[in-house]
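*Asks:* Here's a structure for you.
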Amino acid sequence: MTASEAGVRQREAASVPGNESCFHCDEAIPSGISLHVRIDDHERAMCCAGCQAVAEAIVDHGLTAYYAHRDGAAIKPDQLVPEELAKLAVYDEDEVQQRFMQADAAETSAASLVLDGITCAACAWLLESRLNKVPGVARFEVNYSTRQAALEWQPGRVALSDVLAEILRLGYKAFPFDATKRQALLVKERKYYLRRLGVAALCSMQVMMIAFALYFSESADLEPKYERLLQWLGLVLALPVMGFSAQPFYVGAWRALKQWHVNMDLSVTLGIVLAFAGSMWAVTSGGGPVYFDSVTMFVALLLGSRYLELTARSHATTHIDHLARIVPTAATRILAGAGAGFETVAVTRLKPHDLVLVKPGETVPVDGLVRDGESSVDESILTGESTPIRKGPGQRVISGSTNVDSPLQIEVTTVGEGSFLMQVMQLIERAQARKPVLTELTQRISGWFIGLVIVLAAITALYYLRHDPALWLPATIAVLVVSCPCALAIATPTALTAASSSFMRQGVALIHPNALEALATADEFVFDKTGTLTTGRLALSAVAPLGGRARDAVLRIAAALEAHSEHPVARAILAAATPAPAGEVRNFPGEGLAGSVEGTEYLLGSAGFIRARHPATAAELERLGGATDEKTAFLATAGGELCAAFEFSDQLRPGAVETIAHLRAAGCGITILSGDHARAVASVAGQLGVDAAHGGLTPPEKLAAVTALQAAGRRVVAVGDGVNDAPILAQADVSFALNEAADHAKLNADIVILREGLDAVRHAHRIALLTRAVVRQNIAWSIAYNVLALPLALAGYITPWIGALGMSLSSLLVIANAARIYRVR
């Protein structure tokens, strides 16, 4: 029996139940692994996803005879690149995974990956199609614009290192998201392309000067020997471009061919190799046209467009990546006890109620409350608020902001995953993990279009070889290079990346990219009142002294009692007056206060609180409006004499007036749906000039109102902040939640506002309108260009150099058009 026969027998035994060895590599199959590949009508067991992938590739390529004729077990996939795979194993360690992994469910984990080696939309499609077939991978989605992938997997079925190894086998590299690594990768990639662009541009200029002389060789009576010399010189100058500058296209094309796939690099490689080979044949054989000028110019222009695309991508991700790098790794903790001193500790070791010292110029490492000191704090990187905010004792500061003026002692309230900065980062990761429907469609079309171009190029070559041999080479090259769908593939991603970056600069986190299109087409905006159109914080708006008393006197008495309360009314009164001394203050929750001020007993509270103790005041209270207005408080003596009435109002949120005016000017309808009483809602509606305002609504009634608007054909945007707003946020076509909103509201929102002002809604609407226009313009231009250019190239009216110029300029135009979104303010 031959060695190959023995090998086949041995591998036949691997398919028999009870024999736990891999048919591909002959190693033992770990317990719990059930992977199989159908080879020659038999189900063969595999030990890992890597062996399964290799075996499937062998079967797909019709090479199953390999298993019958090999002399021994196949080399395991991980033995092909042992050093690289060994490095990946570190990502399976719990301590390492804690830094980037998110637990989505009991058996599923999620992580964001940075990808290296992606050159076009077809690369993204290849990775998605292969990785989503790996057992244990629940979801793998690539964001071509940011070169990130959203991965969800089941650790019990597949290790993260195995997923990363599978990506490596496809010819790409991946690692868990790290802002520093991504920026370093972008810098490395830009240098990679810049060096090749420099060589291509330099050689292209020289070749173009030679080509200029050759173009006029007949009219200038150029001697044949000098013409041949110039052609040889063009060949020499084109060699560095073909051997060095065009390298990225060869790598991408080979990677696609290994997977029996087509991408943009394949069509580019076919075009330049065909042009160079035909030109070299013409030079060495002594006859025929040369296209060294077209080859070098095409490579230079395409490298230039890729370099500009990289620059635009780097610009778009810089703001986002900066967020991940701004929090320091160490903090100055104040030790307990008088004069105990300070110690430097890792931020991860801080706990709630610890005190930290933040000096001027330092970044606030945690969310907390100022306990000592007063300073200005710059929150612009997080909220878009350009002016530093004054902070003093009792006020909240957020991680990632910068202390400007003076030292602050901050009590830690939240650190780690629950901090404001980490919540923003999680919102961004959720946004980048989602891919708009339009992007998926254009990427899918791009993949098919590349295949169509290659087929048309082959048909063109065959046609002209039979009917006009002199045109077969230039016409075929022109078809390959003129209709590359690069512009179509990047039309949507470049615009959406620019929009996301502009959103962040305005203090807005875009969670669902599809919301941009819906926001641009919305024609009805529904606002909650309390905490959305208003700040949700009461302010003293009017004081009405009674019985000839002075305004300041009654304010001091009221402040004396409210100093013993944490109610919003108390904060409003204390902000307007200095309290007098008070004694024996008693708090009646939900009603009011009673106590002694300067020897006199007073009552302070709602109309019901006063009336219950002194029924004779009912008529006067009703006259003063206390019977219907919940935002009026009264001061009375213990004997029942009314001393003053205090009116409170919920202040409009900054930017509310401008936002409503902008939306109305844009032709959008405005509706206020609130659970607050009708009088308060009508007051806010009057200040904003809104006619459709409804108060006293329960969450189901709010939901019914939004559903009715949609049934009438309105495209609804909902803006809210509370748990009671969650139903309408989920129902609306697009939803905004304020950052201080309840978690449930933010989970149901498409867009989260990170700053205090409501003008973020106005900015988001303007960005959405411009983004929709840019995407439509980019797609229209890309389609129109290809529809026009391809027939002309097929007919032989476009020369290779014009095709190269047209293709590159079409991509540059798309990138330049998307850059307009960055300038939105």
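Just so we're on the same page: first chain in the structure tokens is A, next is B, and so on; residues restart at 1 for each chain, and ligands are numbered from 1 in the order they show up.
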Do you know which residues are at most 10 Å from Cys643 of chain A counting only C-alpha atoms, after dropping those on the same chain fewer than 2 positions away, and could you put them as a list of chain:residue names?

*Replies:* A:Ala544, A:Pro545, A:Leu546, A:Gly547, A:Gly548, A:Arg549, A:Ala550, A:Val554, A:Tyr602, A:Leu603, A:Leu604, A:Phe634, A:Leu635, A:Ala636, A:Thr637, A:Gly640, A:Glu641, A:Ala645

*Asks:* Determine, counting only C-alpha atoms, which protein, DNA and RNA residues have an atom within 12 Å of an atom of Glu701 of chain A; residues of the same chain fewer than 2 positions away are not included. Present the result as an NGL selection string.

*Replies:* :A and (673-675 or 694-699 or 703-708 or 724-725 or 727-728)

*Asks:* Restricting the output to N, CA, C and O atoms, write the selected residues as an mmCIF file, in the first residue's frame.

*Replies:*
data_model
loop_
_atom_site.group_PDB
_atom_site.id
_atom_site.type_symbol
_atom_site.label_atom_id
_atom_site.label_comp_id
_atom_site.auth_asym_id
_atom_site.auth_seq_id
_atom_site.Cartn_x
_atom_site.Cartn_y
_atom_site.Cartn_z
ATOM 1 N N LEU A 673 -46.044 67.921 23.072
ATOM 2 C CA LEU A 673 -46.801 66.899 23.792
ATOM 3 C C LEU A 673 -46.178 66.760 25.173
ATOM 4 O O LEU A 673 -45.011 66.376 25.290
ATOM 5 N N SER A 674 -46.936 67.079 26.224
ATOM 6 C CA SER A 674 -46.357 67.108 27.562
ATOM 7 C C SER A 674 -47.302 66.494 28.584
ATOM 8 O O SER A 674 -48.532 66.534 28.420
ATOM 9 N N GLY A 675 -46.702 65.956 29.626
ATOM 10 C CA GLY A 675 -47.489 65.458 30.750
ATOM 11 C C GLY A 675 -47.776 66.541 31.771
ATOM 12 O O GLY A 675 -48.548 66.334 32.713
ATOM 13 N N HIS A 694 -50.245 70.401 23.626
ATOM 14 C CA HIS A 694 -51.191 69.582 24.389
ATOM 15 C C HIS A 694 -50.553 69.184 25.717
ATOM 16 O O HIS A 694 -49.449 68.638 25.744
ATOM 17 N N GLY A 695 -51.238 69.448 26.814
ATOM 18 C CA GLY A 695 -50.733 69.120 28.138
ATOM 19 C C GLY A 695 -51.555 68.045 28.809
ATOM 20 O O GLY A 695 -52.621 67.642 28.331
ATOM 21 N N GLY A 696 -51.053 67.555 29.964
ATOM 22 C CA GLY A 696 -51.752 66.549 30.740
ATOM 23 C C GLY A 696 -51.846 65.195 30.074
ATOM 24 O O GLY A 696 -52.769 64.421 30.347
ATOM 25 N N LEU A 697 -50.888 64.870 29.194
ATOM 26 C CA LEU A 697 -50.946 63.612 28.444
ATOM 27 C C LEU A 697 -50.157 62.511 29.158
ATOM 28 O O LEU A 697 -49.062 62.749 29.683
ATOM 29 N N THR A 698 -50.692 61.320 29.133
ATOM 30 C CA THR A 698 -49.967 60.145 29.624
ATOM 31 C C THR A 698 -49.092 59.615 28.488
ATOM 32 O O THR A 698 -49.303 59.953 27.314
ATOM 33 N N PRO A 699 -48.089 58.762 28.803
ATOM 34 C CA PRO A 699 -47.259 58.185 27.727
ATOM 35 C C PRO A 699 -48.070 57.501 26.623
ATOM 36 O O PRO A 699 -47.772 57.706 25.436
ATOM 37 N N LEU A 703 -48.042 58.621 22.660
ATOM 38 C CA LEU A 703 -47.782 57.657 21.590
ATOM 39 C C LEU A 703 -48.902 57.682 20.553
ATOM 40 O O LEU A 703 -48.650 57.642 19.345
ATOM 41 N N ALA A 704 -50.145 57.765 21.018
ATOM 42 C CA ALA A 704 -51.285 57.805 20.103
ATOM 43 C C ALA A 704 -51.234 59.057 19.232
ATOM 44 O O ALA A 704 -51.584 59.021 18.044
ATOM 45 N N ALA A 705 -50.788 60.175 19.814
ATOM 46 C CA ALA A 705 -50.700 61.426 19.054
ATOM 47 C C ALA A 705 -49.650 61.320 17.945
ATOM 48 O O ALA A 705 -49.869 61.773 16.815
ATOM 49 N N VAL A 706 -48.498 60.722 18.259
ATOM 50 C CA VAL A 706 -47.443 60.547 17.250
ATOM 51 C C VAL A 706 -47.915 59.589 16.151
ATOM 52 O O VAL A 706 -47.708 59.832 14.952
ATOM 53 N N THR A 707 -48.572 58.498 16.555
ATOM 54 C CA THR A 707 -49.082 57.530 15.580
ATOM 55 C C THR A 707 -50.102 58.179 14.655
ATOM 56 O O THR A 707 -50.124 57.903 13.447
ATOM 57 N N ALA A 708 -50.942 59.054 15.209
ATOM 58 C CA ALA A 708 -51.946 59.747 14.395
ATOM 59 C C ALA A 708 -51.277 60.665 13.363
ATOM 60 O O ALA A 708 -51.716 60.758 12.209
ATOM 61 N N ASN A 724 -40.880 58.572 30.292
ATOM 62 C CA ASN A 724 -42.215 58.673 29.685
ATOM 63 C C ASN A 724 -42.163 59.050 28.208
ATOM 64 O O ASN A 724 -43.153 58.951 27.500
ATOM 65 N N ASP A 725 -40.978 59.497 27.733
ATOM 66 C CA ASP A 725 -40.822 59.823 26.313
ATOM 67 C C ASP A 725 -40.335 58.637 25.490
ATOM 68 O O ASP A 725 -40.331 58.708 24.260
ATOM 69 N N PRO A 727 -41.585 55.714 24.641
ATOM 70 C CA PRO A 727 -42.475 55.166 23.599
ATOM 71 C C PRO A 727 -42.504 56.003 22.323
ATOM 72 O O PRO A 727 -42.474 55.456 21.221
ATOM 73 N N ILE A 728 -42.572 57.339 22.456
ATOM 74 C CA ILE A 728 -42.634 58.154 21.240
ATOM 75 C C ILE A 728 -41.273 58.217 20.547
ATOM 76 O O ILE A 728 -41.201 58.360 19.325
#

*Asks:* Would you mind listing, for every residue of segment 463-511 of chain A within 10 Å of segment 409-424 of chain A, the two atoms forming the shortest contact and the distance between them in Å to one decimal, using only C-alpha atoms, sorted by chain and ascending residue number, as JSON lines?

*Replies:*
{"residue": "A:Met504", "atom": "CA", "partner": "A:Val424", "partner_atom": "CA", "distance": 10.0}
{"residue": "A:Val508", "atom": "CA", "partner": "A:Val424", "partner_atom": "CA", "distance": 9.6}
{"residue": "A:Ala509", "atom": "CA", "partner": "A:Val424", "partner_atom": "CA", "distance": 7.4}

*Asks:* Considering only C-alpha atoms, state which residue in the set A:Ile272, A:Ala55, A:Ala793, A:Ile573 is at the smallest distance from Ala560 of chain A.

*Replies:*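 Looking at the shortest contact to Ala560 of chain A, the residue is A:Ile573.
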
*Asks:* For a quick check of understanding, using only C-alpha atoms, which of A:Ile802, A:Leu794, A:Val814, A:Asp759 has the smallest distance to Leu456 of chain A?

*Replies:* A:Leu794

*Asks:* With only C-alpha atoms as the atoms that count, which of A:Ala520, A:Val137, A:Val273, A:Val690 lies nearest to Leu480 of chain A?

*Replies:* A:Val273

*Asks:* Check segment 463-610 of chain A with DSSP on the backbone and list each residue it calls alpha helix (DSSP H), as a short mmCIF file (atom, residue, chain, number, x, y, z; two decimals) with N, CA and C atoms, in the first residue's frame.

*Replies:*
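Output (part30.cif):
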data_model
loop_
_atom_site.label_atom_id
_atom_site.label_comp_id
_atom_site.auth_asym_id
_atom_site.auth_seq_id
_atom_site.Cartn_x
_atom_site.Cartn_y
_atom_site.Cartn_z
N TYR A 463 -13.49 41.90 -29.84
CA TYR A 463 -14.14 42.58 -30.97
C TYR A 463 -13.10 43.31 -31.83
N TYR A 464 -12.25 44.12 -31.19
CA TYR A 464 -11.30 44.91 -31.96
C TYR A 464 -10.18 44.06 -32.56
N LEU A 465 -9.86 42.95 -31.92
CA LEU A 465 -8.86 42.06 -32.52
C LEU A 465 -9.34 41.52 -33.87
N ARG A 466 -10.64 41.37 -34.00
CA ARG A 466 -11.21 40.86 -35.25
C ARG A 466 -11.48 41.97 -36.25
N HIS A 467 -11.91 43.13 -35.80
CA HIS A 467 -12.37 44.17 -36.72
C HIS A 467 -11.39 45.33 -36.89
N PRO A 469 -7.58 45.68 -35.34
CA PRO A 469 -6.51 45.29 -34.40
C PRO A 469 -5.73 46.46 -33.81
N ALA A 470 -5.67 47.57 -34.54
CA ALA A 470 -4.90 48.71 -34.02
C ALA A 470 -5.55 49.33 -32.78
N LEU A 471 -6.84 49.08 -32.60
CA LEU A 471 -7.56 49.70 -31.48
C LEU A 471 -7.75 48.78 -30.28
N TRP A 472 -7.39 47.49 -30.43
CA TRP A 472 -7.77 46.57 -29.34
C TRP A 472 -7.10 46.93 -28.02
N LEU A 473 -5.82 47.30 -28.08
CA LEU A 473 -5.12 47.59 -26.83
C LEU A 473 -5.60 48.90 -26.19
N PRO A 474 -5.61 50.04 -26.93
CA PRO A 474 -6.06 51.28 -26.27
C PRO A 474 -7.52 51.22 -25.83
N ALA A 475 -8.39 50.60 -26.62
CA ALA A 475 -9.80 50.53 -26.24
C ALA A 475 -10.00 49.67 -25.00
N THR A 476 -9.29 48.54 -24.93
CA THR A 476 -9.42 47.66 -23.76
C THR A 476 -8.90 48.34 -22.50
N ILE A 477 -7.76 49.02 -22.62
CA ILE A 477 -7.22 49.73 -21.46
C ILE A 477 -8.19 50.83 -21.01
N ALA A 478 -8.74 51.55 -21.97
CA ALA A 478 -9.66 52.64 -21.63
C ALA A 478 -10.89 52.12 -20.89
N VAL A 479 -11.43 50.98 -21.33
CA VAL A 479 -12.60 50.40 -20.66
C VAL A 479 -12.25 50.02 -19.23
N LEU A 480 -11.07 49.45 -19.03
CA LEU A 480 -10.68 49.00 -17.69
C LEU A 480 -10.49 50.16 -16.72
N VAL A 481 -9.95 51.26 -17.21
CA VAL A 481 -9.60 52.33 -16.27
C VAL A 481 -10.66 53.42 -16.18
N VAL A 482 -11.47 53.62 -17.22
CA VAL A 482 -12.37 54.77 -17.21
C VAL A 482 -13.58 54.55 -16.32
N CYS A 486 -14.89 53.40 -8.18
CA CYS A 486 -14.40 53.93 -6.90
C CYS A 486 -15.28 55.08 -6.41
N ALA A 487 -15.63 55.99 -7.34
CA ALA A 487 -16.43 57.14 -6.94
C ALA A 487 -17.79 56.71 -6.40
N LEU A 488 -18.38 55.69 -7.02
CA LEU A 488 -19.68 55.20 -6.56
C LEU A 488 -19.55 54.56 -5.18
N ALA A 489 -18.47 53.81 -4.95
CA ALA A 489 -18.29 53.10 -3.68
C ALA A 489 -18.09 54.06 -2.52
N ILE A 490 -17.40 55.18 -2.77
CA ILE A 490 -17.11 56.11 -1.67
C ILE A 490 -18.10 57.27 -1.61
N ALA A 491 -19.08 57.30 -2.51
CA ALA A 491 -20.02 58.43 -2.57
C ALA A 491 -20.76 58.61 -1.25
N THR A 492 -21.27 57.52 -0.70
CA THR A 492 -22.03 57.62 0.56
C THR A 492 -21.14 57.61 1.79
N PRO A 493 -20.16 56.68 1.91
CA PRO A 493 -19.33 56.66 3.14
C PRO A 493 -18.61 57.96 3.43
N THR A 494 -18.06 58.62 2.40
CA THR A 494 -17.33 59.86 2.67
C THR A 494 -18.25 60.94 3.22
N ALA A 495 -19.46 61.03 2.68
CA ALA A 495 -20.41 62.03 3.16
C ALA A 495 -20.86 61.72 4.57
N LEU A 496 -21.14 60.45 4.88
CA LEU A 496 -21.61 60.09 6.21
C LEU A 496 -20.51 60.26 7.26
N THR A 497 -19.27 59.95 6.89
CA THR A 497 -18.16 60.15 7.82
C THR A 497 -17.99 61.64 8.12
N ALA A 498 -18.08 62.47 7.10
CA ALA A 498 -17.99 63.91 7.31
C ALA A 498 -19.14 64.41 8.18
N ALA A 499 -20.34 63.87 7.97
CA ALA A 499 -21.50 64.28 8.77
C ALA A 499 -21.32 63.88 10.23
N SER A 500 -20.83 62.67 10.48
CA SER A 500 -20.62 62.22 11.86
C SER A 500 -19.61 63.11 12.58
N SER A 501 -18.55 63.49 11.85
CA SER A 501 -17.54 64.37 12.45
C SER A 501 -18.14 65.74 12.76
N SER A 502 -18.95 66.28 11.84
CA SER A 502 -19.59 67.58 12.08
C SER A 502 -20.57 67.49 13.25
N PHE A 503 -21.29 66.37 13.36
CA PHE A 503 -22.20 66.18 14.48
C PHE A 503 -21.44 66.26 15.80
N MET A 504 -20.31 65.57 15.89
CA MET A 504 -19.55 65.56 17.14
C MET A 504 -19.05 66.96 17.49
N ARG A 505 -18.65 67.73 16.49
CA ARG A 505 -18.19 69.09 16.77
C ARG A 505 -19.32 69.97 17.30
N ALA A 515 -30.66 57.51 10.23
CA ALA A 515 -31.49 58.62 10.71
C ALA A 515 -31.20 59.92 9.95
N LEU A 516 -30.02 60.03 9.34
CA LEU A 516 -29.69 61.25 8.61
C LEU A 516 -30.66 61.50 7.46
N GLU A 517 -30.91 60.46 6.67
CA GLU A 517 -31.84 60.60 5.54
C GLU A 517 -33.25 60.92 6.04
N ALA A 518 -33.67 60.21 7.10
CA ALA A 518 -35.02 60.43 7.63
C ALA A 518 -35.14 61.83 8.22
N LEU A 519 -34.09 62.32 8.88
CA LEU A 519 -34.13 63.66 9.46
C LEU A 519 -34.23 64.72 8.37
N ALA A 520 -33.54 64.50 7.26
CA ALA A 520 -33.57 65.48 6.16
C ALA A 520 -34.94 65.55 5.50
N THR A 521 -35.71 64.47 5.57
CA THR A 521 -37.03 64.46 4.91
C THR A 521 -38.18 64.67 5.90
N ARG A 551 -40.80 93.57 49.61
CA ARG A 551 -40.42 92.39 48.81
C ARG A 551 -39.21 91.68 49.41
N ASP A 552 -38.16 92.42 49.75
CA ASP A 552 -36.95 91.80 50.29
C ASP A 552 -37.23 91.09 51.61
N ALA A 553 -38.13 91.66 52.41
CA ALA A 553 -38.41 91.08 53.72
C ALA A 553 -39.08 89.71 53.58
N VAL A 554 -40.08 89.63 52.70
CA VAL A 554 -40.77 88.34 52.55
C VAL A 554 -39.85 87.30 51.89
N LEU A 555 -38.96 87.76 51.02
CA LEU A 555 -38.01 86.83 50.38
C LEU A 555 -37.06 86.25 51.42
N ARG A 556 -36.57 87.09 52.38
CA ARG A 556 -35.64 86.61 53.41
C ARG A 556 -36.33 85.59 54.32
N ILE A 557 -37.62 85.82 54.61
CA ILE A 557 -38.36 84.87 55.47
C ILE A 557 -38.55 83.55 54.73
N ALA A 558 -38.95 83.64 53.45
CA ALA A 558 -39.15 82.42 52.67
C ALA A 558 -37.84 81.64 52.53
N ALA A 559 -36.73 82.36 52.29
CA ALA A 559 -35.43 81.71 52.14
C ALA A 559 -35.00 81.04 53.44
N ALA A 560 -35.38 81.65 54.59
CA ALA A 560 -35.03 81.08 55.90
C ALA A 560 -35.66 79.70 56.06
N LEU A 561 -36.90 79.55 55.62
CA LEU A 561 -37.57 78.25 55.72
C LEU A 561 -37.04 77.27 54.67
N GLU A 562 -36.85 77.75 53.42
CA GLU A 562 -36.44 76.87 52.34
C GLU A 562 -34.99 76.40 52.48
N PRO A 568 -37.00 71.69 44.43
CA PRO A 568 -36.66 72.66 43.39
C PRO A 568 -37.13 74.08 43.71
N VAL A 569 -38.27 74.23 44.39
CA VAL A 569 -38.74 75.55 44.81
C VAL A 569 -37.76 76.18 45.78
N ALA A 570 -37.20 75.37 46.67
CA ALA A 570 -36.22 75.87 47.64
C ALA A 570 -34.99 76.42 46.92
N ARG A 571 -34.50 75.68 45.94
CA ARG A 571 -33.31 76.14 45.22
C ARG A 571 -33.59 77.45 44.49
N ALA A 572 -34.82 77.60 43.95
CA ALA A 572 -35.15 78.83 43.22
C ALA A 572 -35.19 80.03 44.16
N ILE A 573 -35.77 79.87 45.36
CA ILE A 573 -35.85 80.98 46.31
C ILE A 573 -34.47 81.32 46.88
N LEU A 574 -33.70 80.30 47.21
CA LEU A 574 -32.36 80.54 47.78
C LEU A 574 -31.44 81.20 46.77
N ALA A 607 -51.05 76.22 47.76
CA ALA A 607 -52.35 76.75 48.18
C ALA A 607 -53.09 75.72 49.03
N GLY A 608 -52.99 74.46 48.67
CA GLY A 608 -53.65 73.40 49.44
C GLY A 608 -53.10 73.28 50.83
N PHE A 609 -51.78 73.48 50.98
CA PHE A 609 -51.13 73.41 52.28
C PHE A 609 -51.65 74.51 53.21
N ILE A 610 -51.77 75.74 52.68
CA ILE A 610 -52.25 76.87 53.48
C ILE A 610 -53.74 76.71 53.77
#
